[in-house]
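File shown here: my_file29.cif, holding mmCIF, N, CA and C atoms.
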data_query
loop_
_atom_site.label_atom_id
_atom_site.label_comp_id
_atom_site.auth_asym_id
_atom_site.auth_seq_id
_atom_site.Cartn_x
_atom_site.Cartn_y
_atom_site.Cartn_z
N MET A 99 -7.56 96.14 -83.54
CA MET A 99 -8.62 95.78 -82.64
C MET A 99 -8.79 96.90 -81.62
N ALA A 100 -9.95 97.50 -81.61
CA ALA A 100 -10.24 98.59 -80.67
C ALA A 100 -10.58 98.02 -79.29
N ARG A 101 -10.09 98.67 -78.28
CA ARG A 101 -10.36 98.24 -76.91
C ARG A 101 -11.08 99.36 -76.18
N GLY A 102 -11.78 98.97 -75.14
CA GLY A 102 -12.48 99.95 -74.32
C GLY A 102 -11.50 100.84 -73.59
N LYS A 103 -11.90 102.09 -73.38
CA LYS A 103 -11.00 103.04 -72.72
C LYS A 103 -10.71 102.65 -71.28
N ASN A 104 -11.65 102.01 -70.61
CA ASN A 104 -11.47 101.70 -69.20
C ASN A 104 -10.94 100.30 -68.95
N GLU A 105 -10.54 99.60 -69.98
CA GLU A 105 -10.13 98.20 -69.82
C GLU A 105 -8.93 98.06 -68.89
N TRP A 106 -7.87 98.82 -69.11
CA TRP A 106 -6.68 98.70 -68.27
C TRP A 106 -6.99 99.08 -66.83
N ALA A 107 -7.66 100.20 -66.65
CA ALA A 107 -7.97 100.67 -65.30
C ALA A 107 -8.86 99.67 -64.57
N THR A 108 -9.81 99.09 -65.26
CA THR A 108 -10.71 98.12 -64.64
C THR A 108 -9.95 96.87 -64.22
N LYS A 109 -9.03 96.41 -65.04
CA LYS A 109 -8.24 95.22 -64.70
C LYS A 109 -7.34 95.47 -63.49
N VAL A 110 -6.71 96.62 -63.44
CA VAL A 110 -5.86 96.93 -62.30
C VAL A 110 -6.70 97.11 -61.04
N PHE A 111 -7.87 97.74 -61.18
CA PHE A 111 -8.77 97.91 -60.04
C PHE A 111 -9.22 96.55 -59.50
N THR A 112 -9.43 95.60 -60.38
CA THR A 112 -9.79 94.24 -59.96
C THR A 112 -8.66 93.61 -59.16
N LEU A 113 -7.42 93.84 -59.57
CA LEU A 113 -6.27 93.34 -58.81
C LEU A 113 -6.25 93.94 -57.40
N VAL A 114 -6.52 95.23 -57.32
CA VAL A 114 -6.52 95.91 -56.01
C VAL A 114 -7.62 95.34 -55.13
N LYS A 115 -8.81 95.20 -55.69
CA LYS A 115 -9.93 94.70 -54.90
C LYS A 115 -9.71 93.27 -54.43
N SER A 116 -8.97 92.48 -55.20
CA SER A 116 -8.71 91.09 -54.81
C SER A 116 -7.53 90.97 -53.85
N GLY A 117 -6.89 92.09 -53.52
CA GLY A 117 -5.81 92.08 -52.54
C GLY A 117 -4.43 91.82 -53.12
N GLN A 118 -4.30 91.84 -54.40
CA GLN A 118 -3.01 91.58 -55.04
C GLN A 118 -2.30 92.91 -55.32
N LEU A 119 -1.95 93.60 -54.26
CA LEU A 119 -1.36 94.93 -54.38
C LEU A 119 0.00 94.95 -55.08
N PRO A 120 0.90 93.97 -54.83
CA PRO A 120 2.17 94.00 -55.57
C PRO A 120 1.97 93.88 -57.09
N ALA A 121 1.02 93.06 -57.50
CA ALA A 121 0.74 92.93 -58.94
C ALA A 121 0.14 94.22 -59.49
N ALA A 122 -0.71 94.86 -58.70
CA ALA A 122 -1.32 96.12 -59.13
C ALA A 122 -0.25 97.20 -59.26
N VAL A 123 0.66 97.27 -58.32
CA VAL A 123 1.74 98.27 -58.38
C VAL A 123 2.60 98.02 -59.61
N ALA A 124 2.89 96.77 -59.91
CA ALA A 124 3.69 96.45 -61.10
C ALA A 124 2.98 96.92 -62.37
N GLN A 125 1.67 96.74 -62.43
CA GLN A 125 0.91 97.20 -63.59
C GLN A 125 0.88 98.72 -63.67
N ILE A 126 0.77 99.37 -62.53
CA ILE A 126 0.74 100.83 -62.50
C ILE A 126 2.05 101.39 -63.02
N LYS A 127 3.15 100.72 -62.71
CA LYS A 127 4.47 101.19 -63.15
C LYS A 127 4.62 101.15 -64.67
N VAL A 128 3.81 100.34 -65.35
CA VAL A 128 3.88 100.26 -66.81
C VAL A 128 2.58 100.75 -67.44
N ALA A 129 1.95 101.69 -66.79
CA ALA A 129 0.68 102.23 -67.28
C ALA A 129 0.85 102.81 -68.68
N PRO A 130 -0.12 102.58 -69.56
CA PRO A 130 0.01 103.04 -70.94
C PRO A 130 -0.07 104.57 -71.11
N THR A 131 -1.00 105.22 -70.42
CA THR A 131 -1.17 106.67 -70.61
C THR A 131 -1.55 107.34 -69.29
N VAL A 132 -1.45 108.66 -69.29
CA VAL A 132 -1.87 109.45 -68.14
C VAL A 132 -3.37 109.29 -67.93
N ALA A 133 -4.13 109.25 -69.03
CA ALA A 133 -5.58 109.11 -68.92
C ALA A 133 -5.97 107.80 -68.24
N ASP A 134 -5.24 106.74 -68.52
CA ASP A 134 -5.52 105.45 -67.86
C ASP A 134 -5.26 105.54 -66.36
N VAL A 135 -4.19 106.18 -65.99
CA VAL A 135 -3.87 106.32 -64.57
C VAL A 135 -4.92 107.20 -63.88
N THR A 136 -5.37 108.23 -64.56
CA THR A 136 -6.40 109.10 -64.01
C THR A 136 -7.71 108.33 -63.82
N ARG A 137 -8.06 107.48 -64.79
CA ARG A 137 -9.28 106.66 -64.65
C ARG A 137 -9.13 105.71 -63.46
N LEU A 138 -7.95 105.15 -63.28
CA LEU A 138 -7.71 104.27 -62.13
C LEU A 138 -7.84 105.04 -60.82
N GLN A 139 -7.33 106.26 -60.78
CA GLN A 139 -7.47 107.08 -59.57
C GLN A 139 -8.93 107.30 -59.23
N THR A 140 -9.76 107.51 -60.23
CA THR A 140 -11.19 107.71 -60.00
C THR A 140 -11.81 106.45 -59.41
N LEU A 141 -11.43 105.29 -59.91
CA LEU A 141 -11.96 104.04 -59.39
C LEU A 141 -11.47 103.79 -57.95
N LEU A 142 -10.22 104.11 -57.69
CA LEU A 142 -9.65 103.87 -56.36
C LEU A 142 -10.26 104.79 -55.30
N ALA A 143 -10.78 105.93 -55.72
CA ALA A 143 -11.37 106.88 -54.77
C ALA A 143 -12.59 106.28 -54.06
N ALA A 144 -13.21 105.28 -54.66
CA ALA A 144 -14.40 104.66 -54.08
C ALA A 144 -14.06 103.66 -52.97
N LEU A 145 -12.80 103.27 -52.86
CA LEU A 145 -12.40 102.30 -51.84
C LEU A 145 -12.20 102.97 -50.49
N PRO A 146 -12.42 102.24 -49.41
CA PRO A 146 -12.19 102.82 -48.07
C PRO A 146 -10.70 103.08 -47.83
N ALA A 147 -10.43 104.09 -47.02
CA ALA A 147 -9.04 104.47 -46.73
C ALA A 147 -8.42 103.51 -45.73
N THR A 148 -7.37 102.82 -46.15
CA THR A 148 -6.58 101.94 -45.29
C THR A 148 -5.12 102.32 -45.50
N PRO A 149 -4.22 101.89 -44.63
CA PRO A 149 -2.80 102.21 -44.85
C PRO A 149 -2.29 101.71 -46.21
N ALA A 150 -2.69 100.51 -46.60
CA ALA A 150 -2.26 99.97 -47.89
C ALA A 150 -2.85 100.79 -49.03
N GLN A 151 -4.09 101.22 -48.87
CA GLN A 151 -4.75 102.03 -49.90
C GLN A 151 -4.06 103.39 -50.03
N LYS A 152 -3.67 103.98 -48.93
CA LYS A 152 -2.97 105.27 -48.97
C LYS A 152 -1.63 105.13 -49.69
N GLN A 153 -0.93 104.03 -49.46
CA GLN A 153 0.34 103.79 -50.15
C GLN A 153 0.12 103.59 -51.64
N LEU A 154 -0.93 102.88 -51.99
CA LEU A 154 -1.25 102.67 -53.40
C LEU A 154 -1.62 103.99 -54.07
N ASP A 155 -2.37 104.82 -53.39
CA ASP A 155 -2.72 106.14 -53.92
C ASP A 155 -1.46 106.97 -54.20
N LYS A 156 -0.49 106.84 -53.32
CA LYS A 156 0.77 107.57 -53.49
C LYS A 156 1.52 107.07 -54.74
N VAL A 157 1.54 105.76 -54.93
CA VAL A 157 2.19 105.18 -56.11
C VAL A 157 1.50 105.65 -57.39
N VAL A 158 0.17 105.65 -57.37
CA VAL A 158 -0.60 106.07 -58.54
C VAL A 158 -0.32 107.55 -58.85
N GLU A 159 -0.30 108.38 -57.84
CA GLU A 159 -0.05 109.81 -58.04
C GLU A 159 1.36 110.04 -58.58
N GLU A 160 2.34 109.31 -58.07
CA GLU A 160 3.71 109.45 -58.57
C GLU A 160 3.81 109.03 -60.03
N GLU A 161 3.16 107.94 -60.37
CA GLU A 161 3.21 107.46 -61.76
C GLU A 161 2.49 108.44 -62.69
N ARG A 162 1.39 109.01 -62.24
CA ARG A 162 0.67 109.99 -63.05
C ARG A 162 1.57 111.20 -63.31
N ALA A 163 2.29 111.65 -62.29
CA ALA A 163 3.18 112.79 -62.46
C ALA A 163 4.32 112.46 -63.42
N LEU A 164 4.85 111.24 -63.33
CA LEU A 164 5.94 110.84 -64.24
C LEU A 164 5.46 110.77 -65.68
N LEU A 165 4.28 110.21 -65.89
CA LEU A 165 3.77 110.10 -67.25
C LEU A 165 3.38 111.45 -67.83
N ALA A 166 3.04 112.40 -66.98
CA ALA A 166 2.64 113.72 -67.46
C ALA A 166 3.84 114.51 -67.99
N ALA A 167 5.03 114.13 -67.57
CA ALA A 167 6.24 114.80 -68.07
C ALA A 167 6.45 114.45 -69.54
N PRO A 168 6.59 115.42 -70.42
CA PRO A 168 6.68 115.16 -71.86
C PRO A 168 7.79 114.20 -72.25
N ARG A 169 8.88 114.18 -71.55
CA ARG A 169 9.99 113.33 -71.95
C ARG A 169 9.76 111.86 -71.64
N LEU A 170 8.77 111.54 -70.84
CA LEU A 170 8.55 110.16 -70.46
C LEU A 170 7.35 109.50 -71.13
N HIS A 171 6.74 110.18 -72.09
CA HIS A 171 5.62 109.54 -72.78
C HIS A 171 6.11 108.34 -73.57
N ARG A 172 5.35 107.30 -73.51
CA ARG A 172 5.71 106.08 -74.22
C ARG A 172 5.14 106.13 -75.63
N SER A 173 5.87 105.61 -76.57
CA SER A 173 5.36 105.59 -77.93
C SER A 173 4.31 104.48 -78.04
N PRO A 174 3.37 104.64 -78.94
CA PRO A 174 2.29 103.63 -79.09
C PRO A 174 2.77 102.32 -79.63
#
Written as structure tokens, how would this file's structure read?
Amino acid sequence: MARGKNEWATKVFTLVKSGQLPAAVAQIKVAPTVADVTRLQTLLAALPATPAQKQLDKVVEEERALLAAPRLHRSP
């Protein structure tokens, strides 16, 4: 079953917009690919800057860096 490329990022973005930041962080920690995290970063850029948003941006950037390391890629 083929899924849309933005499905994961859109779902996590919905969690962020609804104020469920701990759930969003948990999802970010198990992100499927670097591309998904990058798409989420693009969506998050549209939100206003708040202290919680800045912390979330930091978590997303850290996870993107971890997934970019060749030894940490997850198998499909």
For the atom pair atom N of A:Pro120 and atom CA of A:Leu165, what is the interatomic distance in Å to one decimal place? 20.6 Å
Proximity to A:Glu105 - best of A:Asp134, A:Gln118, A:Val158, A:Lys152, only N, CA and C atoms: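 Among the listed residues, the smallest separation from A:Glu105 belongs to A:Asp134.
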Gap from atom CA of A:Ala166 to atom C of A:Pro146 - Å, one decimal: 26.0 Å
Residues in the PyMOL selection byres (((chain A and resi 162 and name CA) around 12) and name CA), expressed as a ChimeraX atom specification: /A:126-139,155-161,163-168,170-171
Build an axis-aligned box that encloses every atom of stretch 145-157 of chain A listed in the file, pad it by 8 Å on each side, and report its centre and edge lengths in Å to one decimal, as JSON.
{"center_x": -5.3, "center_y": 103.8, "center_z": -51.0, "size_x": 31.0, "size_y": 23.6, "size_z": 28.8}
